[in-house]
Amino acid sequence: MKTYTNTGNKDTRSGFGAGLTELGKSNENVVALCADLTGSLKMDEFQANHPERFFQVGIAEANMMGIAAGMTIGGKIPFTGTFANFSTGRVYDQIRQSIAYSGKNVKICASHAGVTLGEDGATHQILEDIGLMKMLPGMTVINTCDFNQTKAATLAIAEHEGPVYLRFGRPKVPNFTPETQDFQIGKAIQLTEGTDVTIVATGHLVWEALEAAKSLSDSGISSEVINIHTIKPLDKDAILESVKKTGCIVTAEEHNYFGGLGESVARVLSQNHPAPQEFVATMDTFGESGTPAQLMDKYGLNSAAIEKAVKSVLKRK
């Protein structure tokens with residue numbers, strides 16, 4: 001089985017910051033807006049290099065979305081930055097009416113998503129944001145797995161015409177994808193080949209899926225791991241091709257199982273190739289305060305939970 005090397009733990013929000021810094025140098029139409037969280041979103045360097053293209057809106061997220069929508073009319077490419085909870089739940093009406101409805105070219109960039117936000121607790125740990133965003137017509141939804149992929153995605157969405165929701169996180173996680181990678185929106189990445197079970201994962205759960213596959217191989221179980229960085233548009237062909245070979249699937253995400261990646265995959269299977277599926281996700285619950293590792297363990301969002309789900313789904317083939 002192909003193995004991947006962790007080149008060092010890095011937070012994915014820093015990948016966004018690195019990508020934004022590079023865009024500042026290469027694309028003069030890119031502007032950045034932040035809701036009083038410049039340091040948390042790693043937008044400091046862009047602000048320092050391009051103060052005339054950086055707008056500190058303050059704790060006024062709804063206003064930030066409206067300003068961003070207006071800037072697109074003049075040909076600018078606005079990147080908004082705040083926590084995922086404030087990027088979606090707090091401003092859903094503004095995103096729906098001012099950005100999605102009119103197809104504005106706004107890049108909604110959201111950090112501190114999921115339970116790995118940690119000690120800030122349930123009020124900040126949004127677990128329904130992917131569902132909120134993917135239901136908006138015309139919205140592209142991306143959830144990256146490590147520093148390198150987040151940087152690559154940040155560069156790629158600047159070239160994409162239309163609204164994008166880019167989701168990333170706070171904690172330092174394994175950095176294992178190539179430093180120079182061709183990020184293709186809507187194109188899944190097959191990480192390992194397998195014949196017994198398909199594991200599709202997104203965000204922080206991709207590395208956990210690789211760890212689970214490694215452990216399962218010691219038990220003679222061959223797992224095909226697929227990195228789904230783009231949840232909408234979903235790479236249906238990659239999923240169906242794999243499941244037709246393996247006969248069953250496990251979906252893994254740091255999100256509520258209502259409305260997330262798992263439900264999108266279930267729809268694809270039900271319409272094209274019904275097969276047993278198990279979900280690794282939060283089960284219709286809010287989070288709580290704790291370290292990222294504690295919370296991932298408690299809510300079953302780790303390699304052990306994926307292994308358990310694989311063994312369960314294999315019994316249903």
# chains A, B, ... in the order shown; residues from 1 in each chain; ligands from 1
call {"tool": "closest_atom_pairs", "arguments": {"of": "segment 115-156 of chain A", "to": "segment 87-100 of chain A", "cutoff": "9 Å", "atoms": "only C-alpha atoms", "output": "CSV"}}
result
residue,atom,partner,partner_atom,distance
A:Ile126,CA,A:Gly89,CA,8.1
A:Glu128,CA,A:Gly89,CA,8.6
A:Asp129,CA,A:Thr88,CA,6.2
A:Ile130,CA,A:Thr88,CA,9.0
A:Leu132,CA,A:Thr88,CA,7.3
A:Met133,CA,A:Thr88,CA,7.4
A:Leu136,CA,A:Ala100,CA,6.6
A:Pro137,CA,A:Ala100,CA,6.7
A:Gly138,CA,A:Ala100,CA,6.5
A:Met139,CA,A:Ala100,CA,6.5
call {"tool": "residues_around", "arguments": {"residues": "Val243 of chain A", "least_positions_apart": "2", "cutoff": "12 Å", "atoms": "only C-alpha atoms", "output": "VMD selection string"}}
result
chain A and resid 193 to 200 223 to 226 236 to 241 245 to 251 265 to 266 268 to 269 272 to 277 317
call {"tool": "closest_residue", "arguments": {"among": "A:Lys2, A:His50, A:Lys107, A:Lys42", "to": "Met64 of chain A", "atoms": "only C-alpha atoms"}}
result
A:Lys107
call {"tool": "closest_atom_pairs", "arguments": {"of": "segment 177-252 of chain A", "to": "segment 256-261 of chain A", "cutoff": "10 Å", "atoms": "only C-alpha atoms", "output": "Markdown table"}}
result
| residue | atom | partner | partner_atom | distance |
| --- | --- | --- | --- | --- |
| A:Val200 | CA | A:Leu261 | CA | 8.9 |
| A:Ala201 | CA | A:Leu261 | CA | 8.3 |
| A:Thr202 | CA | A:Leu261 | CA | 7.8 |
| A:Ile228 | CA | A:Leu261 | CA | 8.5 |
| A:Thr230 | CA | A:Leu261 | CA | 9.4 |
| A:Ile231 | CA | A:Leu261 | CA | 6.2 |
| A:Lys232 | CA | A:Leu261 | CA | 9.0 |
| A:Leu234 | CA | A:Leu261 | CA | 8.9 |
| A:Thr251 | CA | A:Leu261 | CA | 7.2 |
| A:Ala252 | CA | A:Leu261 | CA | 7.8 |
call {"tool": "residues_around", "arguments": {"residues": "segment 21-25 of chain A", "least_positions_apart": "6", "cutoff": "12 Å", "atoms": "only C-alpha atoms", "output": "PyMOL selection string"}}
result
chain A and resi 14-15+31-32+41-54+77-79+151-159
call {"tool": "closest_residue", "arguments": {"among": "A:Glu263, A:Asp235, A:Glu211, A:Asp218", "to": "Ser303 of chain A", "atoms": "only C-alpha atoms"}}
result
A:Glu211
call {"tool": "select_by_dssp", "arguments": {"residues": "segment 20-235 of chain A", "states": "helix (DSSP H, G or I)", "output": "number ranges by chain"}}
result
A: 20-26, 44-49, 51-53, 61-73, 84-88, 92-100, 115-117, 129-134, 147-159, 205-217
call {"tool": "select_by_dssp", "arguments": {"residues": "segment 56-102 of chain A", "states": "strand (DSSP E)", "output": "list in words"}}
result
Gln56, Ile77, Pro78, Phe79, Thr80, Gly81, Thr82 and Phe83 of chain A
call {"tool": "write_last_selection", "arguments": {"atoms": "C-alpha atoms", "output": "PDB file, in the first residue's frame"}}
result
ATOM      1  CA  GLN A  56     -10.520  45.817   8.376  1.00  0.00           C
ATOM      2  CA  ILE A  77     -11.799  39.511  -6.264  1.00  0.00           C
ATOM      3  CA  PRO A  78     -12.638  39.803  -2.557  1.00  0.00           C
ATOM      4  CA  PHE A  79     -11.390  37.260  -0.018  1.00  0.00           C
ATOM      5  CA  THR A  80     -13.305  37.540   3.254  1.00  0.00           C
ATOM      6  CA  GLY A  81     -11.816  36.154   6.452  1.00  0.00           C
ATOM      7  CA  THR A  82     -13.296  35.205   9.802  1.00  0.00           C
ATOM      8  CA  PHE A  83     -14.197  32.100  11.837  1.00  0.00           C
TER       9      PHE A  83
END
call {"tool": "atom_distance", "arguments": {"atom1": "atom CA of Glu28 of chain A", "atom2": "atom CA of Asn105 of chain A"}}
result
15.1 Å
call {"tool": "closest_residue", "arguments": {"among": "A:Gly17, A:Gly66, A:Gly290, A:Gly169", "to": "Asp120 of chain A", "atoms": "only C-alpha atoms"}}
result
A:Gly290
call {"tool": "atom_distance", "arguments": {"atom1": "atom CA of Tyr4 of chain A", "atom2": "atom CA of Leu301 of chain A"}}
result
19.9 Å
call {"tool": "closest_residue", "arguments": {"among": "A:Glu119, A:Glu179, A:Asp146, A:Asp284", "to": "His204 of chain A", "atoms": "only C-alpha atoms"}}
result
A:Asp146
call {"tool": "closest_residue", "arguments": {"among": "A:Val141, A:Leu166, A:Ala281, A:Val173", "to": "Asn6 of chain A", "atoms": "only C-alpha atoms"}}
result
A:Val173
call {"tool": "residues_around", "arguments": {"residues": "Ala113 of chain A", "least_positions_apart": "4", "cutoff": "9 Å", "atoms": "only C-alpha atoms", "output": "ChimeraX atom specification"}}
result
/A:83-85,117,124-127,129,167-170,254-255
call {"tool": "closest_residue", "arguments": {"among": "A:Pro171, A:Ala209, A:Arg316, A:Gln149", "to": "Gly19 of chain A", "atoms": "only C-alpha atoms"}}
result
A:Gln149
call {"tool": "decode", "arguments": {"residues": "segment 47-88 of chain A", "atoms": "N, CA and C atoms", "output": "mmCIF file, in the first residue's frame"}}
result
data_model
loop_
_atom_site.group_PDB
_atom_site.id
_atom_site.type_symbol
_atom_site.label_atom_id
_atom_site.label_comp_id
_atom_site.auth_asym_id
_atom_site.auth_seq_id
_atom_site.Cartn_x
_atom_site.Cartn_y
_atom_site.Cartn_z
ATOM 1 N N GLN A 47 -1.876 42.211 4.644
ATOM 2 C CA GLN A 47 -2.164 43.556 5.121
ATOM 3 C C GLN A 47 -0.909 44.437 5.096
ATOM 4 N N ALA A 48 0.217 43.883 5.540
ATOM 5 C CA ALA A 48 1.461 44.646 5.582
ATOM 6 C C ALA A 48 1.959 45.006 4.187
ATOM 7 N N ASN A 49 1.813 44.062 3.246
ATOM 8 C CA ASN A 49 2.318 44.281 1.896
ATOM 9 C C ASN A 49 1.397 45.131 1.034
ATOM 10 N N HIS A 50 0.087 45.048 1.313
ATOM 11 C CA HIS A 50 -0.889 45.725 0.451
ATOM 12 C C HIS A 50 -1.954 46.430 1.298
ATOM 13 N N PRO A 51 -1.566 47.394 2.101
ATOM 14 C CA PRO A 51 -2.539 48.058 2.982
ATOM 15 C C PRO A 51 -3.691 48.710 2.229
ATOM 16 N N GLU A 52 -3.434 49.124 0.995
ATOM 17 C CA GLU A 52 -4.492 49.762 0.202
ATOM 18 C C GLU A 52 -5.507 48.754 -0.320
ATOM 19 N N ARG A 53 -5.191 47.467 -0.219
ATOM 20 C CA ARG A 53 -6.111 46.415 -0.689
ATOM 21 C C ARG A 53 -6.615 45.555 0.465
ATOM 22 N N PHE A 54 -6.372 46.028 1.695
ATOM 23 C CA PHE A 54 -6.853 45.303 2.877
ATOM 24 C C PHE A 54 -7.854 46.181 3.626
ATOM 25 N N PHE A 55 -8.986 45.552 4.015
ATOM 26 C CA PHE A 55 -10.056 46.307 4.650
ATOM 27 C C PHE A 55 -10.461 45.637 5.960
ATOM 28 N N GLN A 56 -10.154 46.312 7.055
ATOM 29 C CA GLN A 56 -10.520 45.817 8.376
ATOM 30 C C GLN A 56 -11.924 46.328 8.683
ATOM 31 N N VAL A 57 -12.877 45.420 8.579
ATOM 32 C CA VAL A 57 -14.280 45.786 8.709
ATOM 33 C C VAL A 57 -14.712 45.844 10.171
ATOM 34 N N GLY A 58 -13.977 45.139 11.032
ATOM 35 C CA GLY A 58 -14.384 45.063 12.427
ATOM 36 C C GLY A 58 -15.407 43.953 12.637
ATOM 37 N N ILE A 59 -15.966 43.915 13.838
ATOM 38 C CA ILE A 59 -16.924 42.845 14.157
ATOM 39 C C ILE A 59 -18.269 43.204 13.541
ATOM 40 N N ALA A 60 -18.306 43.106 12.217
ATOM 41 C CA ALA A 60 -19.492 43.467 11.433
ATOM 42 C C ALA A 60 -19.518 42.570 10.198
ATOM 43 N N GLU A 61 -19.674 41.274 10.460
ATOM 44 C CA GLU A 61 -19.536 40.282 9.394
ATOM 45 C C GLU A 61 -20.566 40.454 8.279
ATOM 46 N N ALA A 62 -21.789 40.817 8.629
ATOM 47 C CA ALA A 62 -22.814 41.004 7.603
ATOM 48 C C ALA A 62 -22.425 42.145 6.666
ATOM 49 N N ASN A 63 -21.916 43.209 7.256
ATOM 50 C CA ASN A 63 -21.453 44.334 6.448
ATOM 51 C C ASN A 63 -20.294 43.916 5.552
ATOM 52 N N MET A 64 -19.409 43.059 6.079
ATOM 53 C CA MET A 64 -18.269 42.586 5.298
ATOM 54 C C MET A 64 -18.727 41.869 4.032
ATOM 55 N N MET A 65 -19.758 41.037 4.157
ATOM 56 C CA MET A 65 -20.252 40.309 2.986
ATOM 57 C C MET A 65 -20.864 41.264 1.967
ATOM 58 N N GLY A 66 -21.568 42.261 2.443
ATOM 59 C CA GLY A 66 -22.158 43.235 1.527
ATOM 60 C C GLY A 66 -21.102 44.046 0.805
ATOM 61 N N ILE A 67 -20.066 44.466 1.534
ATOM 62 C CA ILE A 67 -18.970 45.213 0.917
ATOM 63 C C ILE A 67 -18.273 44.347 -0.131
ATOM 64 N N ALA A 68 -18.011 43.085 0.227
ATOM 65 C CA ALA A 68 -17.339 42.168 -0.706
ATOM 66 C C ALA A 68 -18.145 42.002 -1.988
ATOM 67 N N ALA A 69 -19.454 41.837 -1.845
ATOM 68 C CA ALA A 69 -20.311 41.692 -3.027
ATOM 69 C C ALA A 69 -20.215 42.921 -3.917
ATOM 70 N N GLY A 70 -20.222 44.098 -3.301
ATOM 71 C CA GLY A 70 -20.136 45.328 -4.078
ATOM 72 C C GLY A 70 -18.815 45.477 -4.800
ATOM 73 N N MET A 71 -17.737 45.036 -4.178
ATOM 74 C CA MET A 71 -16.410 45.159 -4.783
ATOM 75 C C MET A 71 -16.286 44.361 -6.078
ATOM 76 N N THR A 72 -17.025 43.265 -6.180
ATOM 77 C CA THR A 72 -16.925 42.447 -7.394
ATOM 78 C C THR A 72 -17.444 43.197 -8.620
ATOM 79 N N ILE A 73 -18.346 44.134 -8.408
ATOM 80 C CA ILE A 73 -18.906 44.886 -9.534
ATOM 81 C C ILE A 73 -17.821 45.693 -10.231
ATOM 82 N N GLY A 74 -16.818 46.109 -9.475
ATOM 83 C CA GLY A 74 -15.697 46.843 -10.057
ATOM 84 C C GLY A 74 -14.563 45.955 -10.523
ATOM 85 N N GLY A 75 -14.789 44.637 -10.545
ATOM 86 C CA GLY A 75 -13.778 43.714 -11.050
ATOM 87 C C GLY A 75 -12.810 43.187 -10.009
ATOM 88 N N LYS A 76 -13.024 43.535 -8.743
ATOM 89 C CA LYS A 76 -12.163 43.023 -7.690
ATOM 90 C C LYS A 76 -12.536 41.587 -7.325
ATOM 91 N N ILE A 77 -11.570 40.888 -6.719
ATOM 92 C CA ILE A 77 -11.799 39.511 -6.264
ATOM 93 C C ILE A 77 -11.636 39.522 -4.746
ATOM 94 N N PRO A 78 -12.730 39.681 -4.015
ATOM 95 C CA PRO A 78 -12.638 39.803 -2.557
ATOM 96 C C PRO A 78 -12.499 38.449 -1.866
ATOM 97 N N PHE A 79 -11.554 38.400 -0.905
ATOM 98 C CA PHE A 79 -11.390 37.260 -0.018
ATOM 99 C C PHE A 79 -11.799 37.730 1.379
ATOM 100 N N THR A 80 -12.885 37.169 1.910
ATOM 101 C CA THR A 80 -13.305 37.540 3.254
ATOM 102 C C THR A 80 -12.734 36.550 4.257
ATOM 103 N N GLY A 81 -12.408 37.035 5.462
ATOM 104 C CA GLY A 81 -11.816 36.154 6.452
ATOM 105 C C GLY A 81 -12.385 36.345 7.843
ATOM 106 N N THR A 82 -12.895 35.259 8.406
ATOM 107 C CA THR A 82 -13.296 35.205 9.802
ATOM 108 C C THR A 82 -13.515 33.735 10.173
ATOM 109 N N PHE A 83 -13.929 33.474 11.411
ATOM 110 C CA PHE A 83 -14.197 32.100 11.837
ATOM 111 C C PHE A 83 -15.357 31.520 11.024
ATOM 112 N N ALA A 84 -15.362 30.197 10.860
ATOM 113 C CA ALA A 84 -16.392 29.534 10.058
ATOM 114 C C ALA A 84 -17.803 29.811 10.564
ATOM 115 N N ASN A 85 -17.955 29.871 11.880
ATOM 116 C CA ASN A 85 -19.275 30.142 12.446
ATOM 117 C C ASN A 85 -19.787 31.505 12.015
ATOM 118 N N PHE A 86 -18.878 32.500 12.031
ATOM 119 C CA PHE A 86 -19.270 33.856 11.676
ATOM 120 C C PHE A 86 -19.297 34.057 10.161
ATOM 121 N N SER A 87 -18.615 33.171 9.436
ATOM 122 C CA SER A 87 -18.577 33.254 7.969
ATOM 123 C C SER A 87 -19.836 32.696 7.324
ATOM 124 N N THR A 88 -20.605 31.932 8.075
ATOM 125 C CA THR A 88 -21.771 31.243 7.485
ATOM 126 C C THR A 88 -23.043 31.485 8.291
#
